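Have a look at model02.csv; it's CSV, C-alpha atoms:
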```csv
chain,number,residue,atom,x,y,z
A,629,MET,CA,5.1,-52.9,-13.5
A,630,ARG,CA,8.1,-53.1,-15.9
A,631,TYR,CA,6.2,-51.1,-18.5
A,632,PHE,CA,5.4,-48.5,-15.9
A,633,LEU,CA,9.1,-48.2,-14.8
A,634,THR,CA,10.2,-47.8,-18.4
A,635,ILE,CA,7.8,-44.9,-18.9
A,636,LEU,CA,8.9,-43.3,-15.6
A,637,ILE,CA,12.6,-43.6,-16.6
A,638,LEU,CA,11.8,-42.0,-20.0
A,639,LEU,CA,10.0,-39.2,-18.2
A,640,LEU,CA,13.0,-38.6,-16.0
A,641,GLY,CA,15.0,-37.9,-19.1
A,642,LEU,CA,17.2,-40.9,-18.6
A,643,ASN,CA,19.8,-41.1,-21.3
A,644,VAL,CA,22.6,-43.5,-21.3
A,645,ALA,CA,25.3,-43.2,-23.9
A,646,ALA,CA,28.7,-44.8,-24.5
A,647,TYR,CA,31.3,-42.5,-26.0
A,648,ALA,CA,34.4,-43.1,-28.0
A,649,ASP,CA,36.6,-42.5,-25.0
A,650,ASP,CA,34.8,-45.4,-23.3
A,651,LYS,CA,33.1,-43.4,-20.6
A,652,HIS,CA,29.6,-44.1,-19.7
A,653,PHE,CA,27.1,-41.4,-18.9
A,654,LEU,CA,23.7,-41.2,-17.2
A,655,SER,CA,21.7,-38.0,-17.5
A,656,VAL,CA,19.0,-37.3,-15.0
A,657,THR,CA,16.7,-34.4,-14.5
A,658,GLY,CA,15.6,-33.3,-11.0
A,659,THR,CA,13.0,-30.7,-10.1
A,660,GLY,CA,12.7,-28.7,-6.8
A,661,GLN,CA,9.7,-26.7,-5.7
A,662,VAL,CA,9.5,-24.3,-2.8
A,663,THR,CA,6.5,-22.3,-1.7
A,664,THR,CA,7.1,-18.9,-0.1
A,665,GLN,CA,5.1,-15.8,0.8
A,666,PRO,CA,6.0,-12.6,-1.0
A,667,ASP,CA,8.0,-10.0,0.9
A,668,THR,CA,8.2,-7.2,-1.7
A,669,VAL,CA,5.5,-5.3,-3.6
A,670,SER,CA,5.8,-2.9,-6.4
A,671,LEU,CA,3.0,-0.5,-7.3
A,672,THR,CA,2.6,2.4,-9.7
A,673,VAL,CA,0.5,5.3,-8.8
A,674,GLY,CA,0.2,8.4,-10.9
A,675,THR,CA,-1.7,11.4,-11.9
A,676,GLU,CA,-3.1,12.5,-15.2
A,677,THR,CA,-4.3,16.0,-15.7
A,678,GLU,CA,-5.6,18.0,-18.6
A,679,ALA,CA,-5.7,21.7,-19.3
A,680,GLU,CA,-5.8,24.2,-22.1
A,681,THR,CA,-2.1,24.9,-21.8
A,682,ALA,CA,0.9,22.7,-21.1
A,683,GLU,CA,1.8,24.8,-18.1
A,684,ALA,CA,-1.6,24.6,-16.5
A,685,ALA,CA,-1.6,20.8,-17.1
A,686,ARG,CA,1.8,20.6,-15.5
A,687,ASN,CA,0.9,22.8,-12.6
A,688,ALA,CA,-2.2,20.8,-11.7
A,689,ASN,CA,-0.3,17.6,-12.1
A,690,ALA,CA,2.6,18.8,-9.8
A,691,ASP,CA,0.1,19.8,-7.1
A,692,ILE,CA,-1.5,16.3,-7.0
A,693,MET,CA,1.9,14.5,-7.2
A,694,GLN,CA,3.3,16.5,-4.3
A,695,ALA,CA,0.2,15.6,-2.3
A,696,THR,CA,0.5,12.0,-3.3
A,697,MET,CA,4.1,11.7,-2.2
A,698,ARG,CA,3.2,13.4,1.1
A,699,ALA,CA,0.3,11.1,1.7
A,700,ILE,CA,2.5,8.0,1.0
A,701,HIS,CA,5.3,9.3,3.3
A,702,SER,CA,2.8,10.1,6.0
A,703,LEU,CA,2.0,6.3,6.3
A,704,LYS,CA,5.5,6.1,7.9
A,705,LEU,CA,6.3,2.7,6.3
A,706,SER,CA,9.9,1.5,6.6
A,707,HIS,CA,11.8,0.0,3.6
A,708,LEU,CA,9.8,2.1,1.2
A,709,THR,CA,11.3,3.5,-2.0
A,710,LEU,CA,9.7,6.0,-4.4
A,711,GLN,CA,10.9,6.6,-7.9
A,712,THR,CA,9.4,8.6,-10.7
A,713,SER,CA,8.9,6.1,-13.5
A,714,GLY,CA,7.5,8.3,-16.2
A,715,TYR,CA,6.6,12.0,-16.9
A,716,TYR,CA,5.0,13.1,-20.1
A,717,VAL,CA,3.3,16.2,-21.3
A,718,TYR,CA,1.5,15.8,-24.7
A,719,PRO,CA,-0.7,18.0,-26.8
A,720,ARG,CA,-4.0,16.4,-27.6
A,721,THR,CA,-7.1,17.1,-29.6
A,722,LYS,CA,-10.7,16.3,-28.9
A,723,TYR,CA,-14.0,17.1,-30.6
A,724,GLN,CA,-16.5,19.2,-28.8
A,725,ASP,CA,-19.7,20.4,-30.5
A,726,LYS,CA,-18.2,19.2,-33.8
A,727,LYS,CA,-15.2,21.4,-33.3
A,728,GLN,CA,-11.6,20.4,-32.9
A,729,VAL,CA,-10.2,21.5,-29.5
A,730,LYS,CA,-6.6,21.4,-28.5
A,731,TYR,CA,-5.5,20.7,-25.0
A,732,TYR,CA,-2.6,19.3,-23.1
A,733,GLN,CA,-2.3,16.2,-21.0
A,734,ALA,CA,0.4,15.7,-18.3
A,735,THR,CA,1.1,12.3,-16.9
A,736,ASN,CA,3.4,11.5,-14.0
A,737,SER,CA,3.9,8.0,-12.6
A,738,LEU,CA,5.5,7.0,-9.4
A,739,THR,CA,6.8,3.5,-8.7
A,740,VAL,CA,6.4,2.6,-5.1
A,741,LYS,CA,8.4,-0.4,-3.8
A,742,LEU,CA,7.8,-1.8,-0.3
A,743,GLU,CA,9.7,-4.5,1.5
A,744,GLU,CA,8.1,-6.2,4.5
A,745,PRO,CA,8.8,-9.8,5.7
A,746,ASP,CA,5.3,-10.2,7.1
A,747,SER,CA,3.3,-10.9,3.9
A,748,GLU,CA,-0.1,-10.1,5.5
A,749,LYS,CA,1.2,-6.7,6.6
A,750,LEU,CA,2.8,-6.2,3.2
A,751,ALA,CA,-0.6,-6.8,1.5
A,752,LEU,CA,-2.3,-4.4,4.0
A,753,ASP,CA,0.3,-1.7,3.5
A,754,ALA,CA,0.0,-2.1,-0.3
A,755,GLY,CA,-3.7,-1.3,0.0
A,756,ARG,CA,-3.0,1.6,2.3
A,757,ILE,CA,-0.6,3.1,-0.2
A,758,LEU,CA,-3.1,2.9,-3.0
A,759,ASP,CA,-5.8,4.4,-0.8
A,760,ALA,CA,-3.5,7.2,0.4
A,761,ALA,CA,-2.6,8.1,-3.2
A,762,LEU,CA,-6.1,8.0,-4.5
A,763,SER,CA,-7.5,10.0,-1.6
A,764,VAL,CA,-5.4,13.1,-2.5
A,765,GLY,CA,-6.2,13.0,-6.2
A,766,ALA,CA,-3.9,10.5,-7.8
A,767,ASN,CA,-6.0,8.9,-10.6
A,768,THR,CA,-4.0,6.1,-12.2
A,769,THR,CA,-2.7,3.0,-10.4
A,770,SER,CA,-1.3,-0.3,-11.5
A,771,GLY,CA,0.0,-3.3,-9.7
A,772,PRO,CA,0.8,-5.2,-7.6
B,570,MET,CA,18.5,-11.5,0.2
B,571,SER,CA,14.8,-11.5,-0.8
B,572,GLN,CA,12.4,-14.3,0.0
B,573,ASN,CA,12.2,-15.1,-3.7
B,574,THR,CA,16.0,-15.5,-4.1
B,575,LYS,CA,16.2,-17.7,-1.0
B,576,ALA,CA,13.3,-19.9,-2.4
B,577,GLN,CA,15.1,-20.2,-5.7
B,578,GLN,CA,18.3,-21.4,-4.1
B,579,GLU,CA,16.4,-23.8,-1.9
B,580,ALA,CA,14.5,-25.1,-5.0
B,581,PHE,CA,17.9,-25.7,-6.8
B,582,LYS,CA,19.2,-27.6,-3.8
B,583,LEU,CA,16.1,-29.8,-3.8
B,584,ALA,CA,16.4,-30.3,-7.6
B,585,VAL,CA,20.1,-31.4,-7.4
B,586,GLN,CA,19.3,-33.7,-4.5
B,587,GLN,CA,16.4,-35.2,-6.4
B,588,ALA,CA,18.6,-35.8,-9.5
B,589,LYS,CA,21.3,-37.4,-7.4
B,590,ASP,CA,18.9,-39.6,-5.6
B,591,THR,CA,17.4,-40.7,-8.9
B,592,ALA,CA,20.8,-41.3,-10.4
B,593,HIS,CA,21.8,-43.5,-7.5
B,594,THR,CA,18.6,-45.4,-7.6
B,595,ILE,CA,19.0,-46.1,-11.3
B,596,ALA,CA,22.7,-46.9,-10.9
B,597,ASP,CA,21.9,-49.4,-8.1
B,598,ALA,CA,19.2,-51.0,-10.1
B,599,ALA,CA,21.4,-51.3,-13.2
B,600,GLY,CA,24.3,-52.6,-11.1
B,601,VAL,CA,26.7,-49.9,-12.1
B,602,LYS,CA,28.8,-47.5,-10.0
B,603,LEU,CA,28.6,-43.7,-10.3
B,604,THR,CA,32.1,-42.3,-10.5
B,605,GLY,CA,31.6,-38.6,-11.0
B,606,ILE,CA,29.5,-35.7,-12.4
B,607,SER,CA,30.5,-34.4,-15.8
B,608,GLY,CA,27.9,-31.7,-16.4
B,609,ILE,CA,25.0,-29.8,-14.8
B,610,ASP,CA,22.4,-27.8,-16.8
B,611,THR,CA,20.0,-25.5,-15.1
B,612,PHE,CA,16.7,-24.5,-16.5
B,613,GLN,CA,14.7,-21.3,-16.3
B,614,GLN,CA,13.1,-21.4,-13.0
B,615,GLY,CA,9.5,-20.4,-12.9
B,616,VAL,CA,7.6,-18.5,-10.2
B,617,ALA,CA,3.9,-19.3,-10.0
B,618,TYR,CA,1.5,-17.2,-8.0
B,619,ARG,CA,-1.1,-19.1,-6.2
B,620,PRO,CA,-4.1,-17.4,-4.6
B,621,HIS,CA,-5.1,-18.2,-1.0
B,622,PRO,CA,-8.4,-20.0,-0.6
B,623,MET,CA,-11.1,-17.6,0.6
B,624,MET,CA,-11.4,-18.4,4.3
B,625,LYS,CA,-13.7,-15.6,5.5
B,626,ALA,CA,-16.3,-13.3,4.0
B,627,ALA,CA,-14.8,-9.9,3.3
B,628,GLY,CA,-15.6,-7.7,6.3
B,629,ALA,CA,-16.2,-4.0,6.5
B,630,MET,CA,-18.4,-3.9,3.4
B,631,MET,CA,-20.7,-1.5,5.2
B,632,ALA,CA,-18.2,1.3,5.7
B,633,ASP,CA,-18.4,3.9,2.9
B,634,ALA,CA,-14.6,3.7,2.5
B,635,ALA,CA,-13.3,0.2,3.1
B,636,PRO,CA,-9.5,-0.1,2.6
B,637,THR,CA,-8.5,-1.6,-0.7
B,638,PRO,CA,-8.1,-5.3,0.0
B,639,ILE,CA,-4.9,-6.9,-1.4
B,640,GLU,CA,-4.4,-10.6,-1.0
B,641,SER,CA,-0.7,-11.7,-1.0
B,642,GLY,CA,-1.2,-15.4,-1.9
B,643,ASP,CA,1.8,-17.7,-2.2
B,644,GLN,CA,4.6,-17.9,-4.6
B,645,GLU,CA,5.7,-21.3,-5.9
B,646,VAL,CA,9.3,-21.4,-7.1
B,647,THR,CA,10.4,-24.3,-9.4
B,648,SER,CA,13.9,-25.1,-10.4
B,649,THR,CA,15.1,-27.8,-12.7
B,650,VAL,CA,18.5,-29.3,-13.2
B,651,THR,CA,19.8,-32.0,-15.6
B,652,MET,CA,22.9,-33.7,-14.3
B,653,ARG,CA,25.2,-35.9,-16.3
B,654,PHE,CA,26.8,-38.6,-14.2
B,655,GLU,CA,29.7,-40.8,-15.2
B,656,PHE,CA,29.5,-44.5,-14.3
B,657,GLU,CA,31.5,-47.6,-14.7
B,658,ASN,CA,30.4,-51.2,-15.1
```

Structure encoded using structure tokens:
Amino acid sequence: MRYFLTILILLLGLNVAAYADDKHFLSVTGTGQVTTQPDTVSLTVGTETEAETAEAARNANADIMQATMRAIHSLKLSHLTLQTSGYYVYPRTKYQDKKQVKYYQATNSLTVKLEEPDSEKLALDAGRILDAALSVGANTTSGP
Amino acid sequence: MSQNTKAQQEAFKLAVQQAKDTAHTIADAAGVKLTGISGIDTFQQGVAYRPHPMMKAAGAMMADAAPTPIESGDQEVTSTVTMRFEFEN
């Protein structure tokens, strides 16, 4: 039993030291653990389009992103925030029939944050957001 | 205040309470008297995500477009403090 107690005290980080000013110290570590259910979710939905020109890639992308935002807003969720988290247009090359073909790729990502105290409804709404976005042409998602 | 922040604060309260209880237990056992606190260190609190056990079979598998299922699970917030107590014999 004494052996056990010694080990326990060592584990607790007990550390007794006497200092020059004649004060004595006892150092103790405490740990607290709390379990909660999440009340916020952050998702990223986006659209990636390809076309022969930068403008065509941009146009196709803008159409889908507009529809995506409309679809998410139409869910009428409260405490919802949308923020564009990345927009890129890049020239790319691919090989087709052994020939180098240049094209453009436009990528637009939207970060969707939702707050909802009921964690079951939060999870349900997160799924609805992903489904709404994908159903109108969004083709990239990440999170939660 | 988010649920997470509240949980972190609650975890800190529990951690401090545990450290105080332990210190008092040790002081009592050693026959010394705690006279004050001379330092408190806090440690990076972690958040662990714990899945819920699967209670029911996923329904609506027959529909051609079942909604994307998201399971929220639980969050476990842990806080740790080290407290330095002064004592006298």

List every residue of chain B that has an atom at most 7 Å from any atom of chain A, and for each one report the closest atom pair and its distance in Å to one decimal, counting all atoms listed in the file, with rows sorted by chain and then by increasing residue number, as CSV.
```
residue,atom,partner,partner_atom,distance
B:Gln572,CA,A:Asp667,CA,6.2
B:Ala576,CA,A:Val662,CA,5.8
B:Glu579,CA,A:Val662,CA,7.0
B:Ala580,CA,A:Gly660,CA,4.4
B:Phe581,CA,A:Gly660,CA,6.0
B:Leu583,CA,A:Gly660,CA,4.7
B:Ala584,CA,A:Gly660,CA,4.1
B:Val585,CA,A:Gly658,CA,6.1
B:Gln587,CA,A:Gly658,CA,5.0
B:Ala588,CA,A:Gly658,CA,4.2
B:Ala592,CA,A:Val656,CA,6.4
B:Pro636,CA,A:Gly755,CA,6.5
B:Thr637,CA,A:Gly755,CA,4.9
B:Pro638,CA,A:Gly755,CA,5.9
B:Ile639,CA,A:Ala751,CA,5.2
B:Glu640,CA,A:Ala751,CA,5.9
B:Ser641,CA,A:Ala751,CA,5.5
B:Gly642,CA,A:Gln665,CA,6.9
B:Asp643,CA,A:Gln665,CA,4.8
B:Gln644,CA,A:Thr664,CA,5.2
B:Glu645,CA,A:Thr663,CA,4.4
B:Val646,CA,A:Val662,CA,5.2
B:Thr647,CA,A:Gln661,CA,4.5
B:Ser648,CA,A:Gly660,CA,5.2
B:Thr649,CA,A:Thr659,CA,4.4
B:Val650,CA,A:Gly658,CA,5.4
B:Thr651,CA,A:Thr657,CA,4.1
B:Met652,CA,A:Val656,CA,5.4
B:Arg653,CA,A:Ser655,CA,4.3
B:Phe654,CA,A:Leu654,CA,5.0
B:Glu655,CA,A:Phe653,CA,4.6
B:Phe656,CA,A:His652,CA,5.4
B:Glu657,CA,A:His652,CA,6.4
```

Non-local contacts of range 694-704 of chain A (10 Å; only C-alpha atoms; under 4 positions in same chain excluded) as a list in words: Val673, Gly674, Thr675, Asn689, Ala690, Leu708, Thr709, Leu710, Leu738, Val740, Asp753, Arg756, Ile757, Leu758, Asp759, Ala760, Ala761, Leu762, Ser763, Val764, Gly765 and Ala766 of chain A

Any idea what the distance is between CA of Asp746 in chain A and CA of Ser670 in chain A? 15.4 Å

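In this model, the gap between CA of Arg720 in chain A and CA of Thr739 in chain A comes to 25.3 Å.
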
Figure out the distance between CA of Thr604 in chain B and CA of Gln586 in chain B, please, to one decimal in Å. 16.5 Å
